[in-house]
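This report concerns only the one structure given below.
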Amino acid sequence: MILFTSGIACKDSAVNQSLSPTKAAALFIVVVLAWGINWSVTKSLVEAVPPLWTASIRSWVALLALLVILRASGNLIIPRIADVPVVLSVALLHMTFFSTLVAAGLRYLPASKGVVLGYTTPLWVALAAAAARTERLGMLKLVGVALGLAGLCVILNPASLDWSNLHVLAGAGMIIIAAICWAANIIYIRSHRWIATPLQLLLWQVLVATLVLTMSALVTEGVPEVTWSPHLLLLFLYSGFIGTALAYWAMSVVNKSLPALTTSLGTTATPIVGIVTAALLLGEPIDLSLAIAAALIVGGIALSSLADAPARA
């Protein structure tokens, strides 16, 4: 998700024409809704299918959908050798490790808390960049990171999470590690010199992730005993087609049509959508600590995005 708001998707302008601002904004709203809802869908999936198989089956659906989408849009290419590192980076760090750890974590953690922890990624990016001295933490960004870390402390406090339940703690830990993996991917993406566009490489990234996820699932979880139903099939179709393939394609189009700051700030609505839809679809409560943590983390990310605005320009 943040993958397409990290300053790289603009290269796709050479391949596709941009939309009008009104159409792009409408498409962007659809993307944010799709990603937010996908957390509740994933929560429902891992209750019926083991985490690795959940990520693997969803990835197969996304792969088939992207094959059709990219072929129809003229973005189906063979990647150059110079782009192989970024294909592997996205495929492994984001599409494999992030997806698997989130799916595993959501077995024990509510989707509403999972989406808030998952979207701490920009905070880890800022901290890592500051530690590596590749980016200076100005006052605005420093305040943003401090707010985000304060929100993390709020959602992890014993009044919010049951510290006596090791499964709950493990679930929270896995999603935080997932966010750090995503951050590592973004940091590498920023330094990569692209030959093809991100959209043109998307199919290959999903292909590598799909193969790794499937082999890992076979080795660690064996052939799954899944009780298939129309409801479960619809969940996988939504998560793979709408929540993954269509959303990635749509976001690449949106990034060519809207300012980077708009998309960066707009993506912060995804955790809010995730919390609301988890309450509506799964009946998860929105307690005070969750609301405060979400406000602090989303506010911190928004401030960090504003701090990056001059650099983007």
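Residue numbers start at 1 in each chain; chains themselves are named A, B, ... in the order of the structure tokens; ligands are numbered from 1 in the order shown.
By only C-alpha atoms, and with residues fewer than 4 positions from region 151-159 of chain A along its chain excluded, the set lying at most 7 Å from it is Leu147, Trp163, Ser289, Leu290, Ile292, Ala293, Ala294, Leu296 and Ile297 of chain A.
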Can I get the selection written as a PDB file, in the first residue's frame, with N, CA, C and O atoms?
ATOM      1  N   LEU A 147       4.521  11.180  18.190  1.00  0.00           N
ATOM      2  CA  LEU A 147       3.087  10.892  18.323  1.00  0.00           C
ATOM      3  C   LEU A 147       2.792   9.440  17.957  1.00  0.00           C
ATOM      4  O   LEU A 147       2.026   8.762  18.641  1.00  0.00           O
ATOM      5  N   TRP A 163      -2.005  -9.011  28.420  1.00  0.00           N
ATOM      6  CA  TRP A 163      -0.622  -9.456  28.525  1.00  0.00           C
ATOM      7  C   TRP A 163      -0.489 -10.856  29.134  1.00  0.00           C
ATOM      8  O   TRP A 163       0.569 -11.466  29.034  1.00  0.00           O
ATOM      9  N   SER A 289      -8.819   3.099  24.227  1.00  0.00           N
ATOM     10  CA  SER A 289      -7.381   2.991  23.933  1.00  0.00           C
ATOM     11  C   SER A 289      -7.140   2.812  22.442  1.00  0.00           C
ATOM     12  O   SER A 289      -6.179   3.360  21.883  1.00  0.00           O
ATOM     13  N   LEU A 290      -8.005   2.059  21.765  1.00  0.00           N
ATOM     14  CA  LEU A 290      -7.862   1.871  20.327  1.00  0.00           C
ATOM     15  C   LEU A 290      -8.069   3.190  19.587  1.00  0.00           C
ATOM     16  O   LEU A 290      -7.308   3.533  18.673  1.00  0.00           O
ATOM     17  N   ILE A 292      -7.681   6.268  20.777  1.00  0.00           N
ATOM     18  CA  ILE A 292      -6.565   7.182  21.061  1.00  0.00           C
ATOM     19  C   ILE A 292      -5.317   6.764  20.282  1.00  0.00           C
ATOM     20  O   ILE A 292      -4.636   7.594  19.681  1.00  0.00           O
ATOM     21  N   ALA A 293      -5.025   5.463  20.295  1.00  0.00           N
ATOM     22  CA  ALA A 293      -3.843   4.971  19.590  1.00  0.00           C
ATOM     23  C   ALA A 293      -3.942   5.250  18.098  1.00  0.00           C
ATOM     24  O   ALA A 293      -2.971   5.697  17.473  1.00  0.00           O
ATOM     25  N   ALA A 294      -5.117   4.992  17.519  1.00  0.00           N
ATOM     26  CA  ALA A 294      -5.302   5.234  16.088  1.00  0.00           C
ATOM     27  C   ALA A 294      -5.123   6.714  15.764  1.00  0.00           C
ATOM     28  O   ALA A 294      -4.467   7.074  14.767  1.00  0.00           O
ATOM     29  N   LEU A 296      -3.362   8.958  17.419  1.00  0.00           N
ATOM     30  CA  LEU A 296      -1.955   9.344  17.567  1.00  0.00           C
ATOM     31  C   LEU A 296      -1.105   8.829  16.404  1.00  0.00           C
ATOM     32  O   LEU A 296      -0.278   9.563  15.842  1.00  0.00           O
ATOM     33  N   ILE A 297      -1.300   7.571  16.022  1.00  0.00           N
ATOM     34  CA  ILE A 297      -0.493   6.989  14.953  1.00  0.00           C
ATOM     35  C   ILE A 297      -0.823   7.631  13.603  1.00  0.00           C
ATOM     36  O   ILE A 297       0.075   8.016  12.844  1.00  0.00           O
TER      37      ILE A 297
END
Taking the DSSP assignment computed from this structure's backbone, write out as a VMD selection string all residues of region 156-295 of chain A that belong to helix (DSSP H, G or I). chain A and resid 156 166 to 191 198 to 220 230 to 257 260 to 266 269 to 282 288 to 295
If we count only C-alpha atoms, what is near Gly118 (chain A) at a cut-off of 10 Å, once residues fewer than 3 positions away on the same chain are taken out, given as a ChimeraX atom specification? /A:39,98,102,113-115,121-122,172,174-180,182,271
Given the selection you just returned, output its residues as a file containing N, CA, C and O atoms, formatted as an mmCIF file, in the first residue's frame.
data_model
loop_
_atom_site.group_PDB
_atom_site.id
_atom_site.type_symbol
_atom_site.label_atom_id
_atom_site.label_comp_id
_atom_site.auth_asym_id
_atom_site.auth_seq_id
_atom_site.Cartn_x
_atom_site.Cartn_y
_atom_site.Cartn_z
ATOM 1 N N TRP A 39 -8.553 -6.025 5.781
ATOM 2 C CA TRP A 39 -8.081 -6.517 7.082
ATOM 3 C C TRP A 39 -9.144 -7.391 7.750
ATOM 4 O O TRP A 39 -8.822 -8.434 8.320
ATOM 5 N N PHE A 98 5.546 -9.791 5.034
ATOM 6 C CA PHE A 98 4.488 -8.933 5.568
ATOM 7 C C PHE A 98 3.146 -9.661 5.541
ATOM 8 O O PHE A 98 2.438 -9.710 6.554
ATOM 9 N N VAL A 102 1.214 -10.849 8.978
ATOM 10 C CA VAL A 102 -0.091 -10.236 9.264
ATOM 11 C C VAL A 102 -1.160 -11.304 9.394
ATOM 12 O O VAL A 102 -1.968 -11.283 10.335
ATOM 13 N N LYS A 113 -7.176 -3.759 15.760
ATOM 14 C CA LYS A 113 -5.873 -3.454 16.359
ATOM 15 C C LYS A 113 -4.734 -3.840 15.411
ATOM 16 O O LYS A 113 -3.693 -3.183 15.383
ATOM 17 N N GLY A 114 -4.971 -4.883 14.623
ATOM 18 C CA GLY A 114 -3.961 -5.305 13.670
ATOM 19 C C GLY A 114 -3.679 -4.253 12.617
ATOM 20 O O GLY A 114 -2.522 -3.985 12.285
ATOM 21 N N VAL A 115 -4.729 -3.614 12.102
ATOM 22 C CA VAL A 115 -4.532 -2.615 11.049
ATOM 23 C C VAL A 115 -3.799 -1.386 11.586
ATOM 24 O O VAL A 115 -2.987 -0.779 10.883
ATOM 25 N N THR A 121 4.233 1.365 9.759
ATOM 26 C CA THR A 121 5.365 1.264 8.831
ATOM 27 C C THR A 121 6.095 2.582 8.584
ATOM 28 O O THR A 121 7.330 2.633 8.663
ATOM 29 N N PRO A 122 5.386 3.697 8.272
ATOM 30 C CA PRO A 122 6.109 4.953 8.021
ATOM 31 C C PRO A 122 6.958 5.412 9.198
ATOM 32 O O PRO A 122 7.977 6.089 9.009
ATOM 33 N N ALA A 172 0.490 -9.525 18.246
ATOM 34 C CA ALA A 172 0.898 -8.120 18.129
ATOM 35 C C ALA A 172 2.347 -8.016 17.669
ATOM 36 O O ALA A 172 2.688 -7.185 16.808
ATOM 37 N N MET A 174 4.047 -10.168 15.869
ATOM 38 C CA MET A 174 4.197 -10.554 14.465
ATOM 39 C C MET A 174 3.781 -9.422 13.527
ATOM 40 O O MET A 174 4.420 -9.199 12.492
ATOM 41 N N ILE A 175 2.737 -8.700 13.873
ATOM 42 C CA ILE A 175 2.285 -7.616 12.991
ATOM 43 C C ILE A 175 3.267 -6.439 13.038
ATOM 44 O O ILE A 175 3.511 -5.780 12.021
ATOM 45 N N ILE A 176 3.861 -6.177 14.199
ATOM 46 C CA ILE A 176 4.878 -5.124 14.271
ATOM 47 C C ILE A 176 6.097 -5.514 13.441
ATOM 48 O O ILE A 176 6.662 -4.680 12.709
ATOM 49 N N ILE A 177 6.518 -6.779 13.528
ATOM 50 C CA ILE A 177 7.639 -7.238 12.700
ATOM 51 C C ILE A 177 7.278 -7.139 11.218
ATOM 52 O O ILE A 177 8.114 -6.788 10.382
ATOM 53 N N ALA A 178 6.010 -7.437 10.899
ATOM 54 C CA ALA A 178 5.547 -7.300 9.513
ATOM 55 C C ALA A 178 5.699 -5.862 9.041
ATOM 56 O O ALA A 178 6.157 -5.603 7.915
ATOM 57 N N ALA A 179 5.329 -4.908 9.890
ATOM 58 C CA ALA A 179 5.455 -3.482 9.534
ATOM 59 C C ALA A 179 6.920 -3.106 9.325
ATOM 60 O O ALA A 179 7.248 -2.307 8.438
ATOM 61 N N ILE A 180 7.817 -3.681 10.128
ATOM 62 C CA ILE A 180 9.252 -3.400 9.982
ATOM 63 C C ILE A 180 9.779 -3.993 8.672
ATOM 64 O O ILE A 180 10.616 -3.381 7.985
ATOM 65 N N TRP A 182 8.039 -4.374 5.962
ATOM 66 C CA TRP A 182 7.512 -3.467 4.932
ATOM 67 C C TRP A 182 8.373 -2.204 4.859
ATOM 68 O O TRP A 182 8.688 -1.710 3.768
ATOM 69 N N PRO A 271 -6.332 2.818 8.084
ATOM 70 C CA PRO A 271 -6.585 2.242 9.419
ATOM 71 C C PRO A 271 -7.956 2.618 9.973
ATOM 72 O O PRO A 271 -8.589 1.795 10.651
#
Have a look at CA of Ala62 (chain A) and CA of Leu258 (chain A) and let me know their distance in Å, one decimal. 25.0 Å
Residue among A:Val219, A:Tyr248, A:Asn185, A:Thr134 lying closest to Leu92 (chain A), counting only C-alpha atoms: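 Smallest separation from Leu92 (chain A) among the options: A:Asn185.
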Restricting to only C-alpha atoms, whichever of A:Thr120, A:Ser112, A:Ser160, A:Thr96 is closest to Leu207 (chain A) is A:Thr96
d(CA of Ser264 (chain A), CA of Thr42 (chain A)) in Å: 23.6 Å
Just the residues within 8 Å of Gly36 (chain A), please, counting only C-alpha atoms, with nothing from its chain fewer than 5 positions along; format it as a ChimeraX atom specification. /A:115,270-275,277
If we count only C-alpha atoms and set the cut-off at 7 Å, which residues sit around Leu199 (chain A), ignoring sequence neighbours fewer than 2 positions away in its own chain? Please answer as a ChimeraX atom specification. /A:12,197,201-202,252
So that I can see what lies close to Trp228 (chain A), please list as a ChimeraX atom specification the residues with an atom at most 12 Å from it, counting only C-alpha atoms and leaving out residues fewer than 5 positions away in the same chain. /A:45,48-49,233-236
How about saving the chosen residues, N, CA and C atoms kept, as a tab-separated table (two decimals), in the first residue's frame?
chain	number	residue	atom	x	y	z
A	45	LEU	N	-10.58	-15.01	6.94
A	45	LEU	CA	-9.93	-16.09	6.21
A	45	LEU	C	-9.06	-16.96	7.12
A	48	ALA	N	-10.48	-19.80	9.05
A	48	ALA	CA	-10.91	-21.00	8.33
A	48	ALA	C	-9.75	-21.70	7.62
A	49	VAL	N	-8.66	-20.96	7.33
A	49	VAL	CA	-7.54	-21.50	6.56
A	49	VAL	C	-6.24	-21.10	7.26
A	233	LEU	N	-15.10	-18.75	-0.60
A	233	LEU	CA	-14.63	-18.46	-1.95
A	233	LEU	C	-14.73	-16.97	-2.26
A	234	LEU	N	-15.82	-16.34	-1.84
A	234	LEU	CA	-16.00	-14.90	-2.06
A	234	LEU	C	-14.96	-14.09	-1.28
A	235	LEU	N	-14.63	-14.56	-0.07
A	235	LEU	CA	-13.61	-13.87	0.72
A	235	LEU	C	-12.26	-13.89	0.00
A	236	PHE	N	-11.89	-15.05	-0.55
A	236	PHE	CA	-10.62	-15.15	-1.26
A	236	PHE	C	-10.63	-14.32	-2.55
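With only C-alpha atoms as the atoms that count, the residue of A:Ser257, A:Ser59, A:Ser229, A:Thr268 with the shortest distance to Thr22 (chain A) is A:Ser257.
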Within 10 Å of Ala307 (chain A), counting only C-alpha atoms, which residues qualify if same-chain residues fewer than 5 places away don't, as a list of chain:residue names?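 Returned residues: A:Leu137, A:Gly138, A:Met139, A:Leu140, A:Lys141, A:Leu142, A:Val143, A:Gly144, A:Leu261, A:Ile301, A:Ala302, A:Arg312.
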